[in-house]
Amino acid sequence: MELILTDLSRYVIALLMGMYTYWGFMGFAAKKKTRNRIIRRQRSLMYLFHFVGHGVIYLNTGDVKILGIYICELAYFVGSQILFQKIFSEENMPLVTQIHMLFSISLSMLVRLDFDIAKRQFVYMIIGTVLAAGMPWLLKHMKNLSTDGWFYSVLGVIMLLLVMMFGTTKYGAKNWLIIGGVSLQPSEFVKVLFVLSFAGLFATESLAFKSILKMSAMAAAFVGVLVLEKDLGGALIFFICYLFMLFVATGKWSYLLEGFLAGTGASMVAYFLFGHVRTRVLAWRDPWGTIDNQGYQVAQSLFAIGTGGWFGMGLTAGLPKTVPIRESDFIFAVISEEMGAVFAICIILIYLCCFIWMINIAMRVNDMFGKYLVVGYSVILLFQTFLTLGGVTKFIPSTGVTLPLVSYGGSSVLGTMIMFGVLMGVNVNEQRMVNDNAGQVAEETKD
């Protein structure tokens with residue numbers, strides 16, 4: 001009976017995910033009332049997927065703990081939905097819905113892989129939600145955020161230097177700190193400071209060549225320290241983020257072209273300087289010829305993706321233990337194996353949907369500091385997703401970064417939720433300013 005239900009669930013999950021994604025894109029062109037109905041439909045589909053996923057896992061394991069964590073997760077989704085509705089504007093609800101869907105996918109997959117890891121991830125999600133909810137208040141009351149760009153830049157570089165001196169090496173990169181038995185990846189929080197600092201600098205400093213040269217030197221300091229830590233995935237994310245923020249601030253295509261050329265040259269230098277870069281490039285070029293050593297991770301990832309087919313093997317029916325780093329860097333391969341290519345494609349479309357909503361927020365914001373914040377965090381989300389999916393599918397060499405809000409990782413979840421909270425908080429403050437101005441105009445008209 002369990003096998004029949006597991007097999008049937010593959011098609012149910014694919015259908016739910018397909019409908020969810022379809023309504024997500026329909027919301028872009030919908031009017032306000034229609035969009036609210038679409039959001040309610042998406043929430044219902046998310047709850048159904050969450051129920052089916054945990055139900056299948058329980059039926060195949062018989063572990064009562066699955067039911068317990070399902071009830072806690074359900075309470076979290078309901079509670080955080082109410083919290084976000086009170087704090088953030090209606091225009092942000094489509095983005096909140098996408099966040100919850102990605103969390104639902106993460107929890108369903110992690111409960112299947114490792115219950116203890118799923119519990120820790122759930123705690124990080126709760127903390128991240130609280131942090132995100134506090135961002136509008138922070139943006140409203142900290143008036144000097146946009147004027148302290150150099151301070152945040154220096155602070156971010158110092159944090160990275162501390163990691164370089166006292167950090168721990170994992171997977172070839174020295175980018176972890178262990179404090180009281182808890183592992184942290186400070187670069188995830190430095191991303192927040194990085195965008196905050198350069199959003200402030202671009203909004204308040206002159207955009208003359210000399211000023212841009214100084215800001216570029218500071219950005220190079222971030223990237224340089226990450227390269228020395230051998231965190232090349234993080235270095236690439238910071239570099240691309242700065243490049244696009246610079247392009248948005250100046251509108252000069254020449255900066256974008258010169259940046260890409262410089263990045264290409266730096267990649268070639270990194271290839272000759274760092275052995276683990278050459279290893280990853282070798283694994284990317286020929287994973288099958290090096291399957292016994294360098295190419296093992298990529299080869300197993302491709303095996304998992306290919307085994308899943310269009311509709312997957314079914315939750316608990318795959319062989320996820322054959323995939324290395326399956327809870328974090330390669331979770332997309334495990335999802336593809338058990339839930340199928342249809343589901344995996346829908347995940348990609350959800351990230352694309354998030355990016356479009358973020359850019360929509362950036363276009364509506366009049367304050368340049370807020371606009372640069374939203375652009376920076378949008379680029380980080382999109383590019384990090386591209387690096388993760390590209391490495392897992394052998395489109396590009398693996399860079400060792402996580403899939404935002406889906407992969408296991410407390411630092412990643414907290415950092416990403418802070419970024420989401422900031423960009424939605426920017427929208428809230430923009431709406432508050434518009435309403436205040438409208439109220440002042442109305443008062444003046446009465447007088």
# chains A, B, ... in the order shown; residues from 1 in each chain; ligands from 1
>>> residues_around(residues="stretch 51-65 of chain A", least_positions_apart="3", cutoff="9 Å", atoms="only C-alpha atoms", output="count of residues only")
23
>>> residues_around(residues="stretch 87-96 of chain A", least_positions_apart="3", cutoff="10 Å", atoms="only C-alpha atoms", output="ChimeraX atom specification")
/A:24,27-28,32,35-36,38-40,42-43,80-84,99-101,132-137,350,353-358,360-361,420-421,423-429,431-432
>>> write_last_selection(atoms="C-alpha atoms", output="compact mmCIF listing (two decimals), in the first residue's frame")
# COMPACT_ATOMS: atom_id res chain seq x y z
CA GLY A 24 2.82 32.57 -9.56
CA GLY A 27 0.04 37.12 -10.62
CA PHE A 28 2.35 39.52 -12.47
CA LYS A 32 -5.07 43.69 -6.95
CA ARG A 35 -3.72 38.82 -7.26
CA ASN A 36 -5.01 38.30 -3.73
CA ILE A 38 -4.00 33.94 -6.68
CA ILE A 39 -1.96 34.25 -3.48
CA ARG A 40 -4.64 32.36 -1.55
CA GLN A 42 -0.80 29.39 -3.98
CA ARG A 43 -0.91 29.15 -0.20
CA SER A 80 4.61 33.70 10.07
CA GLN A 81 2.00 34.40 7.39
CA ILE A 82 -0.06 36.40 9.89
CA LEU A 83 3.07 38.16 11.18
CA PHE A 84 4.25 39.16 7.71
CA ILE A 99 9.62 32.22 0.63
CA HIS A 100 7.19 29.88 2.36
CA MET A 101 7.11 27.53 -0.62
CA ALA A 132 13.20 39.62 8.68
CA ALA A 133 10.16 40.98 10.53
CA GLY A 134 12.38 43.45 12.37
CA MET A 135 14.00 44.94 9.25
CA PRO A 136 11.28 47.58 8.51
CA TRP A 137 11.68 48.95 12.04
CA ILE A 350 10.08 30.09 -8.40
CA CYS A 353 9.56 34.70 -9.93
CA CYS A 354 11.24 35.99 -6.74
CA PHE A 355 13.75 37.94 -8.80
CA ILE A 356 11.03 39.55 -10.92
CA TRP A 357 9.11 40.64 -7.80
CA MET A 358 12.32 42.08 -6.35
CA ASN A 360 9.42 45.21 -9.42
CA ILE A 361 10.05 46.60 -5.92
CA PHE A 420 14.44 39.54 2.14
CA GLY A 421 13.39 41.50 5.22
CA LEU A 423 14.11 44.65 0.59
CA MET A 424 10.50 44.18 1.72
CA GLY A 425 11.13 46.76 4.44
CA VAL A 426 12.30 49.21 1.77
CA ASN A 427 8.95 48.76 0.07
CA VAL A 428 7.07 49.27 3.35
CA ASN A 429 8.93 52.51 4.07
CA GLN A 431 4.59 53.14 0.93
CA ARG A 432 4.65 54.89 4.30
>>> residues_around(residues="A:Lys394", least_positions_apart="6", cutoff="10 Å", atoms="only C-alpha atoms", output="PDB file with C-alpha atoms, in the first residue's frame")
ATOM      1  CA  ALA A 283      35.667  17.433 -12.591  1.00  0.00           C
ATOM      2  CA  TRP A 284      33.477  19.738 -14.676  1.00  0.00           C
ATOM      3  CA  ARG A 285      35.207  18.932 -17.959  1.00  0.00           C
ATOM      4  CA  ASP A 286      35.270  15.156 -17.504  1.00  0.00           C
ATOM      5  CA  PRO A 287      33.384  13.864 -14.453  1.00  0.00           C
ATOM      6  CA  VAL A 298      29.392  15.847 -10.137  1.00  0.00           C
ATOM      7  CA  ALA A 299      28.982  12.336 -11.558  1.00  0.00           C
ATOM      8  CA  SER A 301      24.744  14.398  -8.988  1.00  0.00           C
ATOM      9  CA  LEU A 302      24.136  13.726 -12.675  1.00  0.00           C
TER      10      LEU A 302
END
>>> closest_residue(among="A:Gly340, A:Pro404, A:Gly149, A:Gly390", to="A:Gly200", atoms="only C-alpha atoms")
A:Gly149
>>> residues_around(residues="A:Lys321", least_positions_apart="2", cutoff="12 Å", atoms="only C-alpha atoms", output="ChimeraX atom specification")
/A:112-114,297,300-301,304,316-319,323-327,330-331,333-334,337
>>> write_last_selection(atoms="N, CA and C atoms", output="PDB file, in the first residue's frame")
ATOM      1  N   ARG A 112      13.139  14.086   5.121  1.00  0.00           N
ATOM      2  CA  ARG A 112      13.379  12.798   4.467  1.00  0.00           C
ATOM      3  C   ARG A 112      14.848  12.369   4.601  1.00  0.00           C
ATOM      4  N   LEU A 113      15.793  13.345   4.533  1.00  0.00           N
ATOM      5  CA  LEU A 113      17.218  13.006   4.533  1.00  0.00           C
ATOM      6  C   LEU A 113      17.763  12.764   5.932  1.00  0.00           C
ATOM      7  N   ASP A 114      17.465  13.687   6.852  1.00  0.00           N
ATOM      8  CA  ASP A 114      18.028  13.608   8.201  1.00  0.00           C
ATOM      9  C   ASP A 114      17.145  14.417   9.144  1.00  0.00           C
ATOM     10  N   GLN A 297      31.650  13.806  -7.127  1.00  0.00           N
ATOM     11  CA  GLN A 297      30.483  14.593  -6.721  1.00  0.00           C
ATOM     12  C   GLN A 297      29.584  14.923  -7.906  1.00  0.00           C
ATOM     13  N   GLN A 300      27.892  11.711  -9.472  1.00  0.00           N
ATOM     14  CA  GLN A 300      26.777  11.209  -8.665  1.00  0.00           C
ATOM     15  C   GLN A 300      25.573  12.138  -8.742  1.00  0.00           C
ATOM     16  N   SER A 301      25.831  13.436  -8.829  1.00  0.00           N
ATOM     17  CA  SER A 301      24.744  14.398  -8.988  1.00  0.00           C
ATOM     18  C   SER A 301      24.007  14.161 -10.300  1.00  0.00           C
ATOM     19  N   ALA A 304      21.878  11.026 -10.167  1.00  0.00           N
ATOM     20  CA  ALA A 304      20.639  11.235  -9.411  1.00  0.00           C
ATOM     21  C   ALA A 304      19.611  11.974 -10.258  1.00  0.00           C
ATOM     22  N   THR A 316      11.348   9.104  -0.488  1.00  0.00           N
ATOM     23  CA  THR A 316      11.872   7.921   0.227  1.00  0.00           C
ATOM     24  C   THR A 316      12.208   6.774  -0.722  1.00  0.00           C
ATOM     25  N   ALA A 317      11.978   6.918  -2.030  1.00  0.00           N
ATOM     26  CA  ALA A 317      12.236   5.813  -2.967  1.00  0.00           C
ATOM     27  C   ALA A 317      13.577   5.946  -3.684  1.00  0.00           C
ATOM     28  N   GLY A 318      14.268   7.059  -3.512  1.00  0.00           N
ATOM     29  CA  GLY A 318      15.542   7.264  -4.179  1.00  0.00           C
ATOM     30  C   GLY A 318      16.714   6.776  -3.343  1.00  0.00           C
ATOM     31  N   LEU A 319      17.922   7.087  -3.812  1.00  0.00           N
ATOM     32  CA  LEU A 319      19.146   6.707  -3.112  1.00  0.00           C
ATOM     33  C   LEU A 319      19.987   7.964  -2.841  1.00  0.00           C
ATOM     34  N   VAL A 323      24.734  10.679  -3.105  1.00  0.00           N
ATOM     35  CA  VAL A 323      25.070  12.046  -3.514  1.00  0.00           C
ATOM     36  C   VAL A 323      25.843  12.732  -2.391  1.00  0.00           C
ATOM     37  N   PRO A 324      27.058  13.215  -2.644  1.00  0.00           N
ATOM     38  CA  PRO A 324      27.828  13.903  -1.599  1.00  0.00           C
ATOM     39  C   PRO A 324      27.204  15.262  -1.255  1.00  0.00           C
ATOM     40  N   ILE A 325      27.424  15.696  -0.033  1.00  0.00           N
ATOM     41  CA  ILE A 325      26.957  17.002   0.460  1.00  0.00           C
ATOM     42  C   ILE A 325      25.490  17.210   0.055  1.00  0.00           C
ATOM     43  N   ARG A 326      24.696  16.183   0.258  1.00  0.00           N
ATOM     44  CA  ARG A 326      23.319  16.160  -0.255  1.00  0.00           C
ATOM     45  C   ARG A 326      22.396  17.135   0.468  1.00  0.00           C
ATOM     46  N   GLU A 327      22.692  17.471   1.732  1.00  0.00           N
ATOM     47  CA  GLU A 327      21.796  18.381   2.462  1.00  0.00           C
ATOM     48  C   GLU A 327      21.999  19.841   2.074  1.00  0.00           C
ATOM     49  N   PHE A 330      24.419  20.027  -2.872  1.00  0.00           N
ATOM     50  CA  PHE A 330      23.854  19.188  -3.931  1.00  0.00           C
ATOM     51  C   PHE A 330      22.418  18.756  -3.636  1.00  0.00           C
ATOM     52  N   ILE A 331      21.703  19.554  -2.861  1.00  0.00           N
ATOM     53  CA  ILE A 331      20.324  19.158  -2.527  1.00  0.00           C
ATOM     54  C   ILE A 331      19.427  19.156  -3.763  1.00  0.00           C
ATOM     55  N   ALA A 333      20.092  18.006  -6.662  1.00  0.00           N
ATOM     56  CA  ALA A 333      20.188  16.694  -7.308  1.00  0.00           C
ATOM     57  C   ALA A 333      19.289  15.677  -6.604  1.00  0.00           C
ATOM     58  N   VAL A 334      19.260  15.729  -5.274  1.00  0.00           N
ATOM     59  CA  VAL A 334      18.416  14.809  -4.504  1.00  0.00           C
ATOM     60  C   VAL A 334      16.939  15.093  -4.763  1.00  0.00           C
ATOM     61  N   GLU A 337      15.992  13.712  -8.107  1.00  0.00           N
ATOM     62  CA  GLU A 337      15.872  12.255  -8.120  1.00  0.00           C
ATOM     63  C   GLU A 337      14.535  11.800  -7.557  1.00  0.00           C
TER      64      GLU A 337
END
>>> residues_around(residues="A:Ser398", least_positions_apart="5", cutoff="8 Å", atoms="only C-alpha atoms", output="JSON, numbers by chain")
{"A": [280, 284, 387, 388, 390, 391, 392]}
>>> atom_distance(atom1="atom CA of A:Val157", atom2="atom CA of A:Val190")
8.2 Å
>>> select_by_dssp(residues="stretch 22-244 of chain A", states="alpha helix (DSSP H)", output="PDB file with C-alpha atoms, in the first residue's frame")
ATOM      1  CA  TYR A  22       1.561  28.723 -13.077  1.00  0.00           C
ATOM      2  CA  TRP A  23      -0.405  30.902 -10.652  1.00  0.00           C
ATOM      3  CA  GLY A  24       2.817  32.575  -9.555  1.00  0.00           C
ATOM      4  CA  PHE A  25       3.449  33.928 -13.033  1.00  0.00           C
ATOM      5  CA  MET A  26      -0.213  34.758 -13.595  1.00  0.00           C
ATOM      6  CA  LYS A  32      -5.070  43.688  -6.951  1.00  0.00           C
ATOM      7  CA  LYS A  33      -8.197  41.639  -6.148  1.00  0.00           C
ATOM      8  CA  THR A  34      -7.278  38.904  -8.599  1.00  0.00           C
ATOM      9  CA  ARG A  35      -3.720  38.818  -7.265  1.00  0.00           C
ATOM     10  CA  ASN A  36      -5.011  38.305  -3.729  1.00  0.00           C
ATOM     11  CA  ARG A  37      -7.064  35.329  -4.931  1.00  0.00           C
ATOM     12  CA  ILE A  38      -4.004  33.938  -6.677  1.00  0.00           C
ATOM     13  CA  ILE A  39      -1.963  34.247  -3.476  1.00  0.00           C
ATOM     14  CA  ARG A  40      -4.643  32.360  -1.548  1.00  0.00           C
ATOM     15  CA  ARG A  41      -4.572  29.590  -4.168  1.00  0.00           C
ATOM     16  CA  GLN A  42      -0.797  29.393  -3.983  1.00  0.00           C
ATOM     17  CA  ARG A  43      -0.906  29.148  -0.199  1.00  0.00           C
ATOM     18  CA  SER A  44      -3.436  26.322  -0.419  1.00  0.00           C
ATOM     19  CA  LEU A  45      -1.219  24.482  -2.898  1.00  0.00           C
ATOM     20  CA  MET A  46       1.796  25.002  -0.645  1.00  0.00           C
ATOM     21  CA  TYR A  47      -0.053  23.556   2.344  1.00  0.00           C
ATOM     22  CA  LEU A  48      -1.205  20.590   0.248  1.00  0.00           C
ATOM     23  CA  PHE A  49       2.331  19.900  -0.940  1.00  0.00           C
ATOM     24  CA  HIS A  50       3.629  20.159   2.624  1.00  0.00           C
ATOM     25  CA  PHE A  51       0.963  17.704   3.803  1.00  0.00           C
ATOM     26  CA  VAL A  52       1.533  15.205   0.993  1.00  0.00           C
ATOM     27  CA  GLY A  53       5.320  15.315   1.375  1.00  0.00           C
ATOM     28  CA  HIS A  54       5.334  14.693   5.119  1.00  0.00           C
ATOM     29  CA  GLY A  55       2.487  12.195   4.800  1.00  0.00           C
ATOM     30  CA  VAL A  56       4.414  10.046   2.315  1.00  0.00           C
ATOM     31  CA  ILE A  57       7.526  10.155   4.502  1.00  0.00           C
ATOM     32  CA  TYR A  58       5.484   9.100   7.548  1.00  0.00           C
ATOM     33  CA  LEU A  59       3.788   6.248   5.700  1.00  0.00           C
ATOM     34  CA  ASN A  60       7.145   4.864   4.588  1.00  0.00           C
ATOM     35  CA  THR A  61       8.974   5.297   7.895  1.00  0.00           C
ATOM     36  CA  VAL A  64       5.786   9.466  14.860  1.00  0.00           C
ATOM     37  CA  LYS A  65       8.338  12.294  15.047  1.00  0.00           C
ATOM     38  CA  ILE A  66       7.422  13.135  11.444  1.00  0.00           C
ATOM     39  CA  LEU A  67       3.876  13.968  12.551  1.00  0.00           C
ATOM     40  CA  GLY A  68       5.178  16.075  15.429  1.00  0.00           C
ATOM     41  CA  ILE A  69       7.464  18.208  13.304  1.00  0.00           C
ATOM     42  CA  TYR A  70       4.756  18.522  10.633  1.00  0.00           C
ATOM     43  CA  ILE A  71       2.370  20.065  13.169  1.00  0.00           C
ATOM     44  CA  CYS A  72       5.094  22.468  14.379  1.00  0.00           C
ATOM     45  CA  GLU A  73       5.946  23.460  10.811  1.00  0.00           C
ATOM     46  CA  LEU A  74       2.275  23.993   9.999  1.00  0.00           C
ATOM     47  CA  ALA A  75       1.918  26.279  13.017  1.00  0.00           C
ATOM     48  CA  TYR A  76       5.008  28.178  11.858  1.00  0.00           C
ATOM     49  CA  PHE A  77       3.658  28.744   8.347  1.00  0.00           C
ATOM     50  CA  VAL A  78       0.325  30.011   9.662  1.00  0.00           C
ATOM     51  CA  GLY A  79       1.940  32.196  12.323  1.00  0.00           C
ATOM     52  CA  SER A  80       4.608  33.695  10.066  1.00  0.00           C
ATOM     53  CA  GLN A  81       2.001  34.396   7.394  1.00  0.00           C
ATOM     54  CA  ILE A  82      -0.064  36.396   9.894  1.00  0.00           C
ATOM     55  CA  LEU A  83       3.074  38.160  11.180  1.00  0.00           C
ATOM     56  CA  PHE A  84       4.255  39.158   7.709  1.00  0.00           C
ATOM     57  CA  GLN A  85       0.781  40.352   6.715  1.00  0.00           C
ATOM     58  CA  LYS A  86       0.763  42.742   9.678  1.00  0.00           C
ATOM     59  CA  ILE A  87       4.302  44.044   9.118  1.00  0.00           C
ATOM     60  CA  MET A  93       2.716  39.044  -0.140  1.00  0.00           C
ATOM     61  CA  PRO A  94       3.613  37.297  -3.434  1.00  0.00           C
ATOM     62  CA  LEU A  95       7.251  37.323  -2.316  1.00  0.00           C
ATOM     63  CA  VAL A  96       6.315  36.031   1.146  1.00  0.00           C
ATOM     64  CA  THR A  97       4.410  33.184  -0.502  1.00  0.00           C
ATOM     65  CA  GLN A  98       7.497  32.208  -2.527  1.00  0.00           C
ATOM     66  CA  ILE A  99       9.624  32.221   0.627  1.00  0.00           C
ATOM     67  CA  HIS A 100       7.188  29.884   2.358  1.00  0.00           C
ATOM     68  CA  MET A 101       7.112  27.529  -0.624  1.00  0.00           C
ATOM     69  CA  LEU A 102      10.909  27.303  -0.696  1.00  0.00           C
ATOM     70  CA  PHE A 103      10.903  26.664   3.061  1.00  0.00           C
ATOM     71  CA  SER A 104       8.277  23.952   2.583  1.00  0.00           C
ATOM     72  CA  ILE A 105      10.426  22.241  -0.060  1.00  0.00           C
ATOM     73  CA  SER A 106      13.488  22.484   2.189  1.00  0.00           C
ATOM     74  CA  LEU A 107      11.753  21.033   5.244  1.00  0.00           C
ATOM     75  CA  SER A 108      10.114  18.201   3.293  1.00  0.00           C
ATOM     76  CA  MET A 109      13.420  17.164   1.746  1.00  0.00           C
ATOM     77  CA  LEU A 110      15.494  17.541   4.919  1.00  0.00           C
ATOM     78  CA  VAL A 111      12.985  15.576   7.014  1.00  0.00           C
ATOM     79  CA  ARG A 112      13.379  12.798   4.467  1.00  0.00           C
ATOM     80  CA  LEU A 113      17.218  13.006   4.533  1.00  0.00           C
ATOM     81  CA  PHE A 115      15.477  14.408  10.901  1.00  0.00           C
ATOM     82  CA  ASP A 116      17.993  16.090  13.230  1.00  0.00           C
ATOM     83  CA  ILE A 117      19.230  18.374  10.458  1.00  0.00           C
ATOM     84  CA  ALA A 118      15.614  19.219   9.588  1.00  0.00           C
ATOM     85  CA  LYS A 119      14.978  20.244  13.210  1.00  0.00           C
ATOM     86  CA  ARG A 120      17.973  22.572  13.215  1.00  0.00           C
ATOM     87  CA  GLN A 121      16.953  24.042   9.880  1.00  0.00           C
ATOM     88  CA  PHE A 122      13.454  24.660  11.241  1.00  0.00           C
ATOM     89  CA  VAL A 123      14.882  26.582  14.213  1.00  0.00           C
ATOM     90  CA  TYR A 124      16.991  28.697  11.841  1.00  0.00           C
ATOM     91  CA  MET A 125      13.873  29.449   9.787  1.00  0.00           C
ATOM     92  CA  ILE A 126      12.029  30.687  12.864  1.00  0.00           C
ATOM     93  CA  ILE A 127      14.957  32.921  13.889  1.00  0.00           C
ATOM     94  CA  GLY A 128      15.310  34.165  10.308  1.00  0.00           C
ATOM     95  CA  THR A 129      11.616  35.039  10.200  1.00  0.00           C
ATOM     96  CA  VAL A 130      11.913  37.114  13.375  1.00  0.00           C
ATOM     97  CA  LEU A 131      14.968  38.916  11.972  1.00  0.00           C
ATOM     98  CA  ALA A 132      13.202  39.621   8.676  1.00  0.00           C
ATOM     99  CA  ALA A 133      10.161  40.978  10.530  1.00  0.00           C
ATOM    100  CA  GLY A 134      12.383  43.450  12.373  1.00  0.00           C
ATOM    101  CA  MET A 135      13.995  44.940   9.254  1.00  0.00           C
ATOM    102  CA  PRO A 136      11.281  47.582   8.513  1.00  0.00           C
ATOM    103  CA  TRP A 137      11.678  48.950  12.042  1.00  0.00           C
ATOM    104  CA  LEU A 138      15.467  49.024  11.619  1.00  0.00           C
ATOM    105  CA  LEU A 139      15.255  50.861   8.300  1.00  0.00           C
ATOM    106  CA  LYS A 140      12.821  53.384   9.753  1.00  0.00           C
ATOM    107  CA  HIS A 141      14.729  54.238  12.928  1.00  0.00           C
ATOM    108  CA  GLY A 149      28.851  53.166   3.827  1.00  0.00           C
ATOM    109  CA  TRP A 150      32.594  53.303   4.492  1.00  0.00           C
ATOM    110  CA  PHE A 151      32.078  52.120   8.074  1.00  0.00           C
ATOM    111  CA  TYR A 152      30.091  49.060   6.953  1.00  0.00           C
ATOM    112  CA  SER A 153      32.705  48.313   4.295  1.00  0.00           C
ATOM    113  CA  VAL A 154      35.545  48.337   6.801  1.00  0.00           C
ATOM    114  CA  LEU A 155      33.485  46.282   9.260  1.00  0.00           C
ATOM    115  CA  GLY A 156      32.757  43.677   6.585  1.00  0.00           C
ATOM    116  CA  VAL A 157      36.414  43.343   5.586  1.00  0.00           C
ATOM    117  CA  ILE A 158      37.449  43.017   9.257  1.00  0.00           C
ATOM    118  CA  MET A 159      34.911  40.209   9.735  1.00  0.00           C
ATOM    119  CA  LEU A 160      36.344  38.345   6.755  1.00  0.00           C
ATOM    120  CA  LEU A 161      39.904  38.873   8.008  1.00  0.00           C
ATOM    121  CA  LEU A 162      38.950  37.413  11.393  1.00  0.00           C
ATOM    122  CA  VAL A 163      37.645  34.334   9.620  1.00  0.00           C
ATOM    123  CA  MET A 164      40.866  34.065   7.633  1.00  0.00           C
ATOM    124  CA  MET A 165      42.924  34.191  10.855  1.00  0.00           C
ATOM    125  CA  PHE A 166      40.787  32.105  13.195  1.00  0.00           C
ATOM    126  CA  SER A 187      30.439  35.582   4.712  1.00  0.00           C
ATOM    127  CA  GLU A 188      26.663  35.045   4.593  1.00  0.00           C
ATOM    128  CA  PHE A 189      26.194  38.008   6.952  1.00  0.00           C
ATOM    129  CA  VAL A 190      28.939  40.022   5.283  1.00  0.00           C
ATOM    130  CA  LYS A 191      26.800  39.869   2.113  1.00  0.00           C
ATOM    131  CA  VAL A 192      24.233  41.977   3.966  1.00  0.00           C
ATOM    132  CA  LEU A 193      26.893  44.495   5.011  1.00  0.00           C
ATOM    133  CA  PHE A 194      28.444  44.503   1.541  1.00  0.00           C
ATOM    134  CA  VAL A 195      25.236  45.560  -0.202  1.00  0.00           C
ATOM    135  CA  LEU A 196      24.355  47.953   2.632  1.00  0.00           C
ATOM    136  CA  SER A 197      27.723  49.686   2.391  1.00  0.00           C
ATOM    137  CA  PHE A 198      27.825  50.116  -1.381  1.00  0.00           C
ATOM    138  CA  ALA A 199      24.150  51.104  -1.582  1.00  0.00           C
ATOM    139  CA  GLY A 200      25.027  53.912   0.814  1.00  0.00           C
ATOM    140  CA  LEU A 201      28.180  54.871  -1.074  1.00  0.00           C
ATOM    141  CA  PHE A 202      26.466  54.963  -4.465  1.00  0.00           C
ATOM    142  CA  ALA A 203      23.593  57.001  -2.997  1.00  0.00           C
ATOM    143  CA  THR A 204      25.710  59.578  -1.151  1.00  0.00           C
ATOM    144  CA  PHE A 209      35.902  58.358 -11.730  1.00  0.00           C
ATOM    145  CA  LYS A 210      38.120  58.937  -8.652  1.00  0.00           C
ATOM    146  CA  SER A 211      35.278  58.039  -6.269  1.00  0.00           C
ATOM    147  CA  ILE A 212      34.403  54.941  -8.263  1.00  0.00           C
ATOM    148  CA  LEU A 213      38.075  53.932  -8.188  1.00  0.00           C
ATOM    149  CA  LYS A 214      38.100  54.144  -4.367  1.00  0.00           C
ATOM    150  CA  MET A 215      34.861  52.186  -4.070  1.00  0.00           C
ATOM    151  CA  SER A 216      36.156  49.563  -6.503  1.00  0.00           C
ATOM    152  CA  ALA A 217      39.304  49.209  -4.413  1.00  0.00           C
ATOM    153  CA  MET A 218      37.162  48.573  -1.329  1.00  0.00           C
ATOM    154  CA  ALA A 219      35.085  45.997  -3.213  1.00  0.00           C
ATOM    155  CA  ALA A 220      38.334  44.375  -4.354  1.00  0.00           C
ATOM    156  CA  ALA A 221      39.364  44.078  -0.686  1.00  0.00           C
ATOM    157  CA  PHE A 222      36.250  41.994   0.028  1.00  0.00           C
ATOM    158  CA  VAL A 223      36.863  39.785  -2.982  1.00  0.00           C
ATOM    159  CA  GLY A 224      40.584  39.497  -2.267  1.00  0.00           C
ATOM    160  CA  VAL A 225      40.111  38.255   1.295  1.00  0.00           C
ATOM    161  CA  LEU A 226      37.564  35.676   0.101  1.00  0.00           C
ATOM    162  CA  VAL A 227      40.013  34.490  -2.563  1.00  0.00           C
ATOM    163  CA  LEU A 228      42.726  34.098   0.082  1.00  0.00           C
ATOM    164  CA  LEU A 232      35.894  31.403  -4.639  1.00  0.00           C
ATOM    165  CA  GLY A 233      32.127  30.953  -4.901  1.00  0.00           C
ATOM    166  CA  GLY A 234      31.607  33.707  -2.342  1.00  0.00           C
ATOM    167  CA  ALA A 235      34.207  35.912  -4.048  1.00  0.00           C
ATOM    168  CA  LEU A 236      32.399  35.525  -7.358  1.00  0.00           C
ATOM    169  CA  ILE A 237      29.033  36.454  -5.809  1.00  0.00           C
ATOM    170  CA  PHE A 238      30.491  39.612  -4.228  1.00  0.00           C
ATOM    171  CA  PHE A 239      32.216  40.579  -7.466  1.00  0.00           C
ATOM    172  CA  ILE A 240      29.109  40.181  -9.649  1.00  0.00           C
ATOM    173  CA  CYS A 241      26.946  41.971  -7.082  1.00  0.00           C
ATOM    174  CA  TYR A 242      29.263  44.993  -7.027  1.00  0.00           C
ATOM    175  CA  LEU A 243      29.547  45.012 -10.813  1.00  0.00           C
ATOM    176  CA  PHE A 244      25.784  45.186 -11.345  1.00  0.00           C
TER     177      PHE A 244
END
>>> select_by_dssp(residues="stretch 20-178 of chain A", states="strand (DSSP E)", output="PyMOL selection string")
chain A and resi 168-170+173-178
>>> atom_distance(atom1="atom CA of A:Tyr296", atom2="atom CA of A:Met313")
21.7 Å
>>> residues_around(residues="A:Ser267", least_positions_apart="2", cutoff="12 Å", atoms="only C-alpha atoms", output="JSON, numbers by chain")
{"A": [227, 232, 233, 235, 236, 239, 260, 261, 262, 263, 264, 265, 269, 270, 271, 272, 273, 274, 277, 278, 281, 397]}
>>> decode(residues="stretch 119-124 of chain A", atoms="N, CA and C atoms", output="PDB file, in the first residue's frame")
ATOM      1  N   LYS A 119      15.345  19.499  11.994  1.00  0.00           N
ATOM      2  CA  LYS A 119      14.978  20.244  13.210  1.00  0.00           C
ATOM      3  C   LYS A 119      15.809  21.521  13.343  1.00  0.00           C
ATOM      4  N   ARG A 120      17.103  21.396  13.107  1.00  0.00           N
ATOM      5  CA  ARG A 120      17.973  22.572  13.215  1.00  0.00           C
ATOM      6  C   ARG A 120      17.613  23.611  12.145  1.00  0.00           C
ATOM      7  N   GLN A 121      17.340  23.117  10.947  1.00  0.00           N
ATOM      8  CA  GLN A 121      16.953  24.042   9.880  1.00  0.00           C
ATOM      9  C   GLN A 121      15.665  24.774  10.234  1.00  0.00           C
ATOM     10  N   PHE A 122      14.730  24.067  10.848  1.00  0.00           N
ATOM     11  CA  PHE A 122      13.454  24.660  11.241  1.00  0.00           C
ATOM     12  C   PHE A 122      13.670  25.773  12.260  1.00  0.00           C
ATOM     13  N   VAL A 123      14.566  25.550  13.214  1.00  0.00           N
ATOM     14  CA  VAL A 123      14.882  26.582  14.213  1.00  0.00           C
ATOM     15  C   VAL A 123      15.485  27.806  13.531  1.00  0.00           C
ATOM     16  N   TYR A 124      16.388  27.576  12.575  1.00  0.00           N
ATOM     17  CA  TYR A 124      16.991  28.697  11.841  1.00  0.00           C
ATOM     18  C   TYR A 124      15.922  29.472  11.066  1.00  0.00           C
TER      19      TYR A 124
END
